[in-house]
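Trainee: Got my_file.txt for you, compact mmCIF, C-alpha atoms:
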# COMPACT_ATOMS: atom_id res chain seq x y z
CA ASN A 1 33.23 22.32 115.55
CA ALA A 2 32.62 18.56 115.37
CA SER A 3 32.20 16.69 118.67
CA TRP A 4 31.69 13.27 120.16
CA THR A 5 31.03 11.76 123.58
CA SER A 6 33.71 9.67 125.20
CA PRO A 7 32.51 7.34 128.03
CA PHE A 8 34.63 6.60 131.11
CA LEU A 9 33.78 3.76 133.60
CA ILE A 10 34.35 4.86 137.18
CA ARG A 11 34.04 2.56 140.24
CA VAL A 12 32.85 4.35 143.36
CA ARG A 13 32.35 2.26 146.56
CA GLY A 14 31.87 -0.89 144.57
CA GLN A 15 29.45 0.69 142.10
CA LEU A 16 30.27 1.22 138.43
CA TRP A 17 29.33 4.58 137.02
CA THR A 18 29.58 5.84 133.45
CA LEU A 19 30.98 9.33 132.99
CA ASN A 20 30.24 10.74 129.56
CA VAL A 21 32.65 13.51 128.49
CA LYS A 22 31.87 15.59 125.43
CA VAL A 23 34.99 16.18 123.34
CA ASN A 24 35.12 19.06 120.87
CA THR A 25 37.58 18.80 117.99
CA ARG A 26 39.38 21.78 116.53
CA PRO A 27 38.79 22.78 112.93
CA ASN A 28 41.22 21.28 110.47
CA SER A 29 44.59 22.79 111.39
CA SER A 30 46.69 24.60 108.78
CA LEU A 31 49.99 26.35 108.15
CA ASN A 32 49.34 29.40 105.95
CA CYS A 33 52.48 30.62 104.16
CA SER A 34 50.51 32.82 101.77
CA SER A 35 49.39 35.00 104.71
CA ALA A 36 52.85 35.36 106.22
CA PHE A 37 53.95 38.77 107.49
CA ASN A 38 57.36 39.50 105.97
CA ASN A 39 59.72 41.86 107.76
CA ARG A 40 62.41 43.75 105.79
CA THR A 41 63.56 43.03 102.26
CA LEU A 42 66.08 40.75 100.59
CA THR A 43 68.57 41.93 97.97
CA ALA A 44 70.75 39.77 95.75
CA GLY A 45 74.33 39.55 96.96
CA ILE A 46 73.56 41.42 100.18
CA VAL A 47 73.74 39.85 103.65
CA ALA A 48 70.22 39.36 105.08
CA SER A 49 69.97 41.56 108.16
CA GLY A 50 66.94 41.60 110.48
CA VAL A 51 64.88 39.67 107.90
CA SER A 52 62.05 37.46 109.18
CA SER A 53 58.68 35.95 108.23
CA SER A 54 55.82 35.26 110.66
CA VAL A 55 53.75 32.35 109.35
CA PRO A 56 50.23 31.97 110.84
CA TYR A 57 48.68 28.62 111.72
CA SER A 58 45.43 27.33 113.18
CA GLY A 59 44.58 24.32 115.32
CA GLY A 60 47.43 24.64 117.78
CA ASN A 61 47.31 22.18 120.69
CA LEU A 62 49.93 23.59 123.10
CA GLY A 63 52.34 20.90 121.92
CA ILE A 64 56.09 21.27 121.83
CA HIS A 65 58.00 21.62 118.56
CA ASN A 66 61.74 21.34 118.01
CA GLY A 67 62.02 24.18 115.52
CA GLN A 68 63.58 23.69 112.11
CA VAL A 69 66.20 24.96 109.67
CA VAL A 70 65.15 25.16 106.01
CA SER A 71 67.45 26.06 103.10
CA SER A 72 66.07 28.07 100.18
CA THR A 73 65.53 26.79 96.67
CA GLY A 74 65.18 28.87 93.52
CA VAL A 75 67.33 31.70 94.80
CA THR A 76 69.78 29.83 97.00
CA GLY A 77 72.09 30.96 99.80
CA LEU A 78 69.39 31.65 102.40
CA THR A 79 68.21 29.74 105.47
CA ALA A 80 64.93 30.06 107.39
CA ASN A 81 65.49 29.35 111.09
CA LEU A 82 62.72 28.57 113.61
CA SER A 83 63.68 28.20 117.26
CA ALA A 84 62.18 25.38 119.34
CA GLY A 85 59.03 26.29 121.28
CA ASN A 86 55.36 25.53 121.87
CA PHE A 87 52.33 25.81 119.65
CA ALA A 88 49.60 28.14 120.88
CA ASN A 89 46.15 26.96 121.90
CA GLY A 90 44.35 27.42 118.59
CA ASN A 91 45.68 30.16 116.31
CA GLY A 92 49.24 31.42 116.42
CA THR A 93 52.30 32.33 114.37
CA LEU A 94 55.72 30.83 113.82
CA ASN A 95 58.52 33.36 113.45
CA TYR A 96 61.25 32.34 111.00
CA THR A 97 64.49 34.33 110.96
CA ILE A 98 66.08 34.41 107.51
CA THR A 99 69.85 34.58 107.22
CA GLY A 100 72.49 34.27 104.50
CA ILE A 101 73.34 35.93 101.19
CA PRO A 102 70.89 35.52 98.26
CA SER A 103 72.61 34.08 95.20
CA GLY A 104 70.65 36.32 92.83
CA ALA A 105 67.39 38.15 92.20
CA GLY A 106 64.09 36.24 91.96
CA THR A 107 62.13 34.10 94.41
CA ALA A 108 63.61 32.25 97.38
CA SER A 109 61.34 29.35 98.40
CA PHE A 110 61.34 27.59 101.77
CA ALA A 111 59.52 24.24 102.12
CA LEU A 112 58.18 24.43 105.68
CA ASN A 113 56.97 21.24 107.38
CA ILE A 114 56.15 21.31 111.06
CA GLY A 115 53.42 19.96 113.32
CA GLY A 116 52.30 17.62 110.57
CA LYS A 117 51.47 20.55 108.29
CA SER A 118 53.41 22.00 105.39
CA CYS A 119 53.45 24.98 103.04
CA THR A 120 55.94 26.86 100.89
CA LEU A 121 57.11 30.26 102.03
CA ASN A 122 58.17 32.48 99.13
CA ARG A 123 60.29 35.59 99.59
CA THR A 124 61.11 38.00 96.77
CA VAL A 125 64.77 38.86 96.34
CA GLY A 126 65.35 42.20 94.68
CA ALA A 127 68.14 43.15 92.30
CA PRO A 128 71.32 44.55 93.87
CA VAL A 129 71.26 48.21 94.81
CA TYR A 130 74.21 48.93 92.56
CA PRO A 131 73.99 51.50 89.75
CA SER A 132 72.11 50.50 86.64
CA GLY A 133 74.39 48.81 84.15
CA THR A 134 76.86 47.58 86.76
CA ILE A 135 78.85 44.54 85.64
CA HIS A 136 80.06 42.34 88.49
CA CYS A 137 83.19 40.33 87.82
CA SER A 138 82.28 37.59 90.34
CA GLY A 139 78.82 38.44 91.63
CA ALA A 140 77.63 41.50 93.51
CA THR A 141 79.85 42.54 96.41
CA SER A 142 78.07 41.92 99.71
CA ILE A 143 77.24 45.13 101.57
CA VAL A 144 78.34 44.72 105.17
CA ASN A 145 79.03 47.80 107.27
CA VAL A 146 82.02 48.37 109.51
CA ILE A 147 82.49 51.40 111.75
CA ASN A 148 85.80 52.88 112.82
CA PRO A 149 85.13 54.04 116.41
CA SER A 150 88.06 56.46 116.17
CA THR A 151 86.64 58.38 113.21
CA GLY A 152 82.96 57.51 113.60
CA ARG A 153 82.65 56.79 109.89
CA THR A 154 80.85 53.79 108.35
CA TRP A 155 82.41 51.91 105.44
CA MET A 156 81.84 48.71 103.48
CA ASP A 157 83.92 46.02 105.15
CA ARG A 158 85.56 44.87 101.89
CA ASN A 159 86.81 46.22 98.57
CA LEU A 160 84.44 46.39 95.62
CA GLY A 161 84.68 43.04 93.88
CA ALA A 162 86.00 41.19 96.95
CA PHE A 163 84.51 37.81 97.87
CA THR A 164 84.96 38.31 101.60
CA VAL A 165 86.39 40.51 104.33
CA ALA A 166 90.18 40.15 104.63
CA THR A 167 91.85 37.73 107.02
CA SER A 168 95.32 39.07 106.22
CA SER A 169 97.00 41.79 104.16
CA THR A 170 97.55 39.25 101.38
CA HIS A 171 94.20 37.44 101.45
CA THR A 172 93.59 36.84 97.73
CA ASN A 173 89.79 36.55 97.97
CA SER A 174 89.62 39.97 99.59
CA TYR A 175 91.59 41.86 96.92
CA GLY A 176 88.64 42.75 94.71
CA ASP A 177 88.66 44.68 91.44
CA LEU A 178 90.98 47.35 90.04
CA TYR A 179 89.28 50.47 88.65
CA GLN A 180 90.58 53.21 86.42
CA TRP A 181 89.82 56.48 88.19
CA GLY A 182 86.37 57.82 87.41
CA ARG A 183 85.09 54.85 85.41
CA ARG A 184 81.88 53.02 86.22
CA ALA A 185 81.75 49.26 86.84
CA ASP A 186 81.50 48.39 83.16
CA GLY A 187 83.73 45.31 83.35
CA HIS A 188 87.05 47.05 82.80
CA GLN A 189 87.74 46.65 86.52
CA CYS A 190 87.92 42.86 86.29
CA ARG A 191 91.53 41.79 86.72
CA ASN A 192 91.48 39.78 83.51
CA SER A 193 89.53 42.23 81.34
CA SER A 194 90.68 42.86 77.78
CA THR A 195 92.58 46.04 76.87
CA THR A 196 92.32 48.70 74.21
CA SER A 197 94.48 51.66 73.19
CA SER A 198 91.54 53.80 72.08
CA LEU A 199 90.74 56.66 74.45
CA SER A 200 87.12 57.36 75.30
CA SER A 201 85.43 60.59 74.23
CA SER A 202 82.56 60.01 76.66
CA ASP A 203 82.19 59.52 80.40
CA GLN A 204 80.92 55.99 79.85
CA PRO A 205 82.82 53.99 77.22
CA ALA A 206 80.65 51.60 75.23
CA HIS A 207 82.82 48.65 76.24
CA GLY A 208 84.38 47.01 79.28
CA SER A 209 88.02 47.04 78.20
CA PHE A 210 90.86 48.49 80.27
CA ILE A 211 92.08 51.54 78.36
CA LEU A 212 95.85 51.72 77.93
CA VAL A 213 97.41 55.20 78.12
CA PRO A 214 101.23 54.92 78.30
CA ASN A 215 101.79 58.61 77.51
CA SER A 216 100.48 62.00 78.56
CA PRO A 217 97.79 62.82 79.54
CA PHE A 218 97.70 59.37 81.25
CA ASP A 219 93.90 59.57 81.35
CA TRP A 220 91.48 57.14 79.72
CA ARG A 221 89.13 59.99 78.76
CA SER A 222 89.75 62.64 76.13
CA PRO A 223 88.88 65.40 76.72
CA GLN A 224 89.43 64.90 80.42
CA ASN A 225 86.72 65.13 83.09
CA SER A 226 87.63 65.40 86.77
CA ASN A 227 84.03 65.29 88.00
CA LEU A 228 83.07 61.63 87.70
CA TRP A 229 83.35 60.12 91.19
CA GLN A 230 82.33 62.93 93.50
CA GLY A 231 79.52 62.14 95.95
CA VAL A 232 76.72 59.55 95.88
CA ASN A 233 75.36 61.19 92.74
CA GLY A 234 78.69 61.11 90.94
CA ILE A 235 78.26 60.37 87.23
CA ASN A 236 80.11 57.06 87.47
CA ASN A 237 79.94 56.31 91.19
CA PRO A 238 80.40 52.49 91.31
CA CYS A 239 79.32 52.13 94.94
CA PRO A 240 75.90 50.84 96.05
CA SER A 241 73.08 53.21 97.00
CA GLY A 242 74.03 55.43 99.92
CA TYR A 243 77.78 54.86 99.46
CA ARG A 244 80.47 56.73 97.54
CA LEU A 245 84.21 57.11 97.04
CA PRO A 246 85.92 58.73 100.08
CA THR A 247 87.59 62.10 99.74
CA GLU A 248 91.33 62.47 100.25
CA SER A 249 90.65 64.01 103.66
CA GLU A 250 88.39 61.15 104.75
CA PHE A 251 90.90 58.45 103.80
CA ASN A 252 93.74 60.39 105.40
CA THR A 253 91.76 60.64 108.66
CA GLU A 254 91.41 56.85 108.61
CA ARG A 255 95.16 56.47 108.04
CA LEU A 256 95.95 58.68 111.01
CA SER A 257 93.86 56.41 113.25
CA TRP A 258 95.96 53.30 112.54
CA SER A 259 98.27 51.80 115.15
CA THR A 260 101.17 51.87 112.65
CA ASN A 261 101.50 53.75 109.38
CA ASN A 262 102.06 50.76 107.11
CA ALA A 263 100.43 47.59 105.79
CA SER A 264 100.24 46.07 109.27
CA GLY A 265 98.35 49.10 110.61
CA ALA A 266 96.07 49.16 107.56
CA PHE A 267 95.04 45.54 108.13
CA ALA A 268 94.76 45.95 111.91
CA SER A 269 92.34 48.83 111.39
CA PRO A 270 88.55 48.22 111.29
CA LEU A 271 88.70 48.48 107.46
CA LYS A 272 91.23 45.61 107.12
CA LEU A 273 92.77 47.10 104.00
CA THR A 274 94.83 44.74 101.84
CA LEU A 275 97.76 44.79 99.43
CA ALA A 276 95.63 44.15 96.35
CA GLY A 277 98.20 45.43 93.86
CA ALA A 278 97.66 47.67 90.84
CA ARG A 279 97.18 47.52 87.08
CA SER A 280 99.52 49.29 84.70
CA ASN A 281 98.26 52.16 82.56
CA SER A 282 100.92 51.24 79.97
CA ASN A 283 100.13 47.59 79.26
CA GLY A 284 97.36 46.54 81.67
CA ALA A 285 99.60 44.11 83.53
CA LEU A 286 99.04 43.37 87.20
CA SER A 287 101.84 44.47 89.48
CA SER A 288 102.83 44.63 93.16
CA VAL A 289 100.10 42.17 94.21
CA GLY A 290 100.80 41.34 97.85
CA THR A 291 103.26 44.20 98.30
CA PHE A 292 101.22 47.34 97.52
CA GLY A 293 97.68 48.54 97.97
CA GLY A 294 96.42 51.62 96.12
CA TYR A 295 93.00 52.95 97.14
CA TRP A 296 91.35 55.66 95.07
CA THR A 297 89.82 58.78 96.57
CA SER A 298 87.30 61.02 94.82
CA THR A 299 89.81 63.87 94.86
CA GLY A 300 91.62 64.70 91.63
CA ASN A 301 92.31 67.12 88.80
CA THR A 302 93.37 66.86 85.13
CA SER A 303 95.27 63.57 84.70
CA ILE A 304 96.23 63.16 88.35
CA SER A 305 94.08 61.81 91.16
CA ARG A 306 94.80 61.23 94.80
CA SER A 307 95.19 57.74 96.18
CA LEU A 308 96.04 56.10 99.49
CA GLY A 309 99.16 54.03 98.90
CA ILE A 310 99.96 51.24 101.36
CA PHE A 311 103.32 49.48 101.60
CA SER A 312 104.86 47.09 104.11
CA PHE A 313 107.01 49.97 105.38
CA ASP A 314 104.83 53.06 104.88
CA ALA A 315 101.43 54.51 103.93
CA VAL A 316 100.84 57.85 102.26
CA ILE A 317 98.33 59.84 100.24
CA GLY A 318 99.87 60.56 96.84
CA ASN A 319 99.30 61.20 93.14
CA ARG A 320 98.44 58.48 90.61
CA TYR A 321 97.56 58.55 86.93
CA LYS A 322 93.85 58.15 86.28
CA ALA A 323 94.50 55.40 83.75
CA GLU A 324 96.08 53.15 86.41
CA GLY A 325 94.00 50.44 88.03
CA GLY A 326 93.36 50.80 91.76
CA SER A 327 91.16 49.45 94.54
CA VAL A 328 87.87 51.02 95.62
CA ARG A 329 86.57 51.00 99.17
CA CYS A 330 83.18 52.70 99.59
CA ILE A 331 82.22 54.96 102.49
CA LYS A 332 78.66 55.45 103.65
CA ASN A 333 77.40 58.94 102.91
As structure tokens, how would this structure be written, given the file I've shared?
Mentor:
Amino acid sequence: NASWTSPFLIRVRGQLWTLNVKVNTRPNSSLNCSSAFNNRTLTAGIVASGVSSSVPYSGGNLGIHNGQVVSSTGVTGLTANLSAGNFANGNGTLNYTITGIPSGAGTASFALNIGGKSCTLNRTVGAPVYPSGTIHCSGATSIVNVINPSTGRTWMDRNLGAFTVATSSTHTNSYGDLYQWGRRADGHQCRNSSTTSSLSSSDQPAHGSFILVPNSPFDWRSPQNSNLWQGVNGINNPCPSGYRLPTESEFNTERLSWSTNNASGAFASPLKLTLAGARSNSNGALSSVGTFGGYWTSTGNTSISRSLGIFSFDAVIGNRYKAEGGSVRCIKN
């Protein structure tokens, strides 16, 4: 450490005395982002939960700092938050809590500047935990859990493809996509996707068009396959890792927990289900938007699959053609 002597003149009983005080300086202080300890991971399109970075520094002087809020660059949508506090005496760490939803995969950079020192904190943002090949119509659906205390089950709080959790039964931004039963998220589920009349001979069509089937067997696949959406390892499960389509029994148990068996009860429930409408298997047209909500289950056989139908006056589990377009709400396995 460098040092110098600082003299002080002191008068004692009329006499002047010189008091020499040796002052030691600290080493050059620093803020070291490259040595930060990063807690938990970030995933594109997924709400940051419990994510933080502890950034070490040297040369602390017990001074007060006011904290700071720093927005990310590169991958945007994130904020690093440091609460006000005191620097340590010498070495210490600053704990930044990171919140928000990453706009994509890559590197989120935070330009930190505090105590007269600066550095850039870089956090890696991983690709979404959706199945390989997933096509998102409007960005990856954020994965936020909601628990129904009556059933004890954990679900995603919004439909696949929805921008946000619903604020009403007819909240447009919470409607999400409309899937043909058993198909993966190949783009066909987008509400404005193109259509084709050619049936698919494979489980995964080599296109993202909505397949029109106005006649029997009312199924987009020929020959038919009723084992496409069962479980987290389902061939075409469109849900993120650890989630899947609910069974008929699981969705029916949710329905029975509602305060009223209709659209009002569906929205008042923890899942806040909406009237997202449907897409016709005959011509691909949207219908009943704002008056009907049809939620697929994993249960089905031949050309018929089971779906939770929600109306303003009723709600029931019933049959639907697999070639129709319906909403998907994922349950945690």
Trainee: Near range 65-73 of chain A, within 6 Å and counting all atoms listed in the file, which residues show up once chain neighbours fewer than 4 positions away are dropped, as JSON, numbers by chain?
Mentor: {"A": [78, 79, 80, 81, 82, 83, 84, 85, 86, 108, 109, 110]}
Trainee: Using all atoms listed in the file, tabulate the residues of range 83-144 of chain A lying at most 7 Å from any atom of range 29-44 of chain A, each with its closest atom pair and that distance in Å to one decimal, by chain and increasing residue number, as JSON lines.
Mentor:
{"residue": "A:Pro102", "atom": "CA", "partner": "A:Ala44", "partner_atom": "CA", "distance": 4.9}
{"residue": "A:Ser103", "atom": "CA", "partner": "A:Ala44", "partner_atom": "CA", "distance": 6.0}
{"residue": "A:Gly104", "atom": "CA", "partner": "A:Ala44", "partner_atom": "CA", "distance": 4.5}
{"residue": "A:Ala105", "atom": "CA", "partner": "A:Ala44", "partner_atom": "CA", "distance": 5.1}
{"residue": "A:Lys117", "atom": "CA", "partner": "A:Leu31", "partner_atom": "CA", "distance": 6.0}
{"residue": "A:Ser118", "atom": "CA", "partner": "A:Leu31", "partner_atom": "CA", "distance": 6.2}
{"residue": "A:Cys119", "atom": "CA", "partner": "A:Cys33", "partner_atom": "CA", "distance": 5.8}
{"residue": "A:Thr120", "atom": "CA", "partner": "A:Cys33", "partner_atom": "CA", "distance": 6.1}
{"residue": "A:Leu121", "atom": "CA", "partner": "A:Cys33", "partner_atom": "CA", "distance": 5.1}
{"residue": "A:Thr124", "atom": "CA", "partner": "A:Leu42", "partner_atom": "CA", "distance": 6.8}
{"residue": "A:Val125", "atom": "CA", "partner": "A:Leu42", "partner_atom": "CA", "distance": 4.8}
{"residue": "A:Gly126", "atom": "CA", "partner": "A:Thr43", "partner_atom": "CA", "distance": 4.6}
{"residue": "A:Ala127", "atom": "CA", "partner": "A:Ala44", "partner_atom": "CA", "distance": 5.5}
{"residue": "A:Pro128", "atom": "CA", "partner": "A:Ala44", "partner_atom": "CA", "distance": 5.2}
Trainee: Pick from A:Phe210, A:Ile304, A:Ile310, A:Ser241: nearest to Gly290 in chain A, with only C-alpha atoms counted?
Mentor: A:Ile310
Trainee: Give me the residues within 10 Å of Tyr175 in chain A as a ChimeraX atom specification, counting all atoms listed in the file and dropping any in the same chain fewer than 6 places off.
Mentor: /A:158-166,169,273-277,289-290,293,327-328
Trainee: Could you turn the residues from that selection into a file that holds C-alpha atoms, as a PDB file, keeping the file's coordinate frame?
Mentor:
ATOM      1  CA  ARG A 158      85.560  44.870 101.890  1.00  0.00           C
ATOM      2  CA  ASN A 159      86.810  46.220  98.570  1.00  0.00           C
ATOM      3  CA  LEU A 160      84.440  46.390  95.620  1.00  0.00           C
ATOM      4  CA  GLY A 161      84.680  43.040  93.880  1.00  0.00           C
ATOM      5  CA  ALA A 162      86.000  41.190  96.950  1.00  0.00           C
ATOM      6  CA  PHE A 163      84.510  37.810  97.870  1.00  0.00           C
ATOM      7  CA  THR A 164      84.960  38.310 101.600  1.00  0.00           C
ATOM      8  CA  VAL A 165      86.390  40.510 104.330  1.00  0.00           C
ATOM      9  CA  ALA A 166      90.180  40.150 104.630  1.00  0.00           C
ATOM     10  CA  SER A 169      97.000  41.790 104.160  1.00  0.00           C
ATOM     11  CA  LEU A 273      92.770  47.100 104.000  1.00  0.00           C
ATOM     12  CA  THR A 274      94.830  44.740 101.840  1.00  0.00           C
ATOM     13  CA  LEU A 275      97.760  44.790  99.430  1.00  0.00           C
ATOM     14  CA  ALA A 276      95.630  44.150  96.350  1.00  0.00           C
ATOM     15  CA  GLY A 277      98.200  45.430  93.860  1.00  0.00           C
ATOM     16  CA  VAL A 289     100.100  42.170  94.210  1.00  0.00           C
ATOM     17  CA  GLY A 290     100.800  41.340  97.850  1.00  0.00           C
ATOM     18  CA  GLY A 293      97.680  48.540  97.970  1.00  0.00           C
ATOM     19  CA  SER A 327      91.160  49.450  94.540  1.00  0.00           C
ATOM     20  CA  VAL A 328      87.870  51.020  95.620  1.00  0.00           C
TER      21      VAL A 328
END
Trainee: Mind giving me the straight-line distance from CA of Cys330 in chain A to CA of Tyr179 in chain A in Å, one decimal?
Mentor: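 About the pair CA of Cys330 in chain A and CA of Tyr179 in chain A: they are 12.7 Å apart.
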Trainee: Write out as a list in words which residues come within 6 Å of range 312-314 of chain A when counting all atoms listed in the file, dropping same-chain ones fewer than 2 positions away.
Mentor: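 Within the cut-off, the hits are Asn261, Asn262 and Ala263 of chain A.
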Trainee: If I take CA of Asn237 in chain A and CA of Ser298 in chain A, how far is one from the other in Å, to one decimal?
Mentor: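 Result for CA of Asn237 in chain A versus CA of Ser298 in chain A: 9.5 Å, one decimal.
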Trainee: Grab the CA of Tyr96 in chain A to CA of Pro56 in chain A distance for me, in Å with one decimal place.
Mentor: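 Going from CA of Tyr96 in chain A over to CA of Pro56 in chain A covers 11.0 Å.
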Trainee: List the spatial neighbours of Tyr295 in chain A as a PyMOL selection string - criterion: any atom at most 8 Å away, all atoms listed in the file, same-chain residues fewer than 3 positions off excluded.
Mentor: chain A and resi 307-309+326-329
Trainee: Keeping only C-alpha atoms, write the selected residues to a file as a tab-separated table (two decimals), keeping the file's coordinate frame.
Mentor:
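Output (result_14.tsv):
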chain	number	residue	atom	x	y	z
A	307	SER	CA	95.19	57.74	96.18
A	308	LEU	CA	96.04	56.10	99.49
A	309	GLY	CA	99.16	54.03	98.90
A	326	GLY	CA	93.36	50.80	91.76
A	327	SER	CA	91.16	49.45	94.54
A	328	VAL	CA	87.87	51.02	95.62
A	329	ARG	CA	86.57	51.00	99.17
Trainee: When you look at range 215-225 of chain A with a cut-off of 10 Å (counting all atoms listed in the file), what residues show up, excluding the ones that are within fewer than 2 positions of it in the same chain? I need them as a VMD selection string.
Mentor: chain A and resid 180 to 183 197 to 205 210 to 213 227 to 228 281 to 282 300 to 304 320 to 324
Trainee: Counting all atoms listed in the file, figure out which residue out of A:Lys272, A:Arg306, A:His207, A:Arg11 gets nearest to Gln189 in chain A.
Mentor: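 The shortest atom-to-atom distance to Gln189 in chain A comes from A:His207.
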Trainee: Would you mind telling me which residue in A:Ile10, A:Ser269, A:Leu286, A:Phe311 lies nearest to Trp155 in chain A when using only C-alpha atoms?
Mentor: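 Once distances to Trp155 in chain A are computed over only C-alpha atoms, the minimum belongs to A:Ser269.
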Trainee: With distances taken over all atoms listed in the file, which of A:Ile64, A:Val146, A:Leu245, A:Val232 is nearest to Asn89 in chain A?
Mentor: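 Ranked by minimum distance to Asn89 in chain A, first place goes to A:Ile64.
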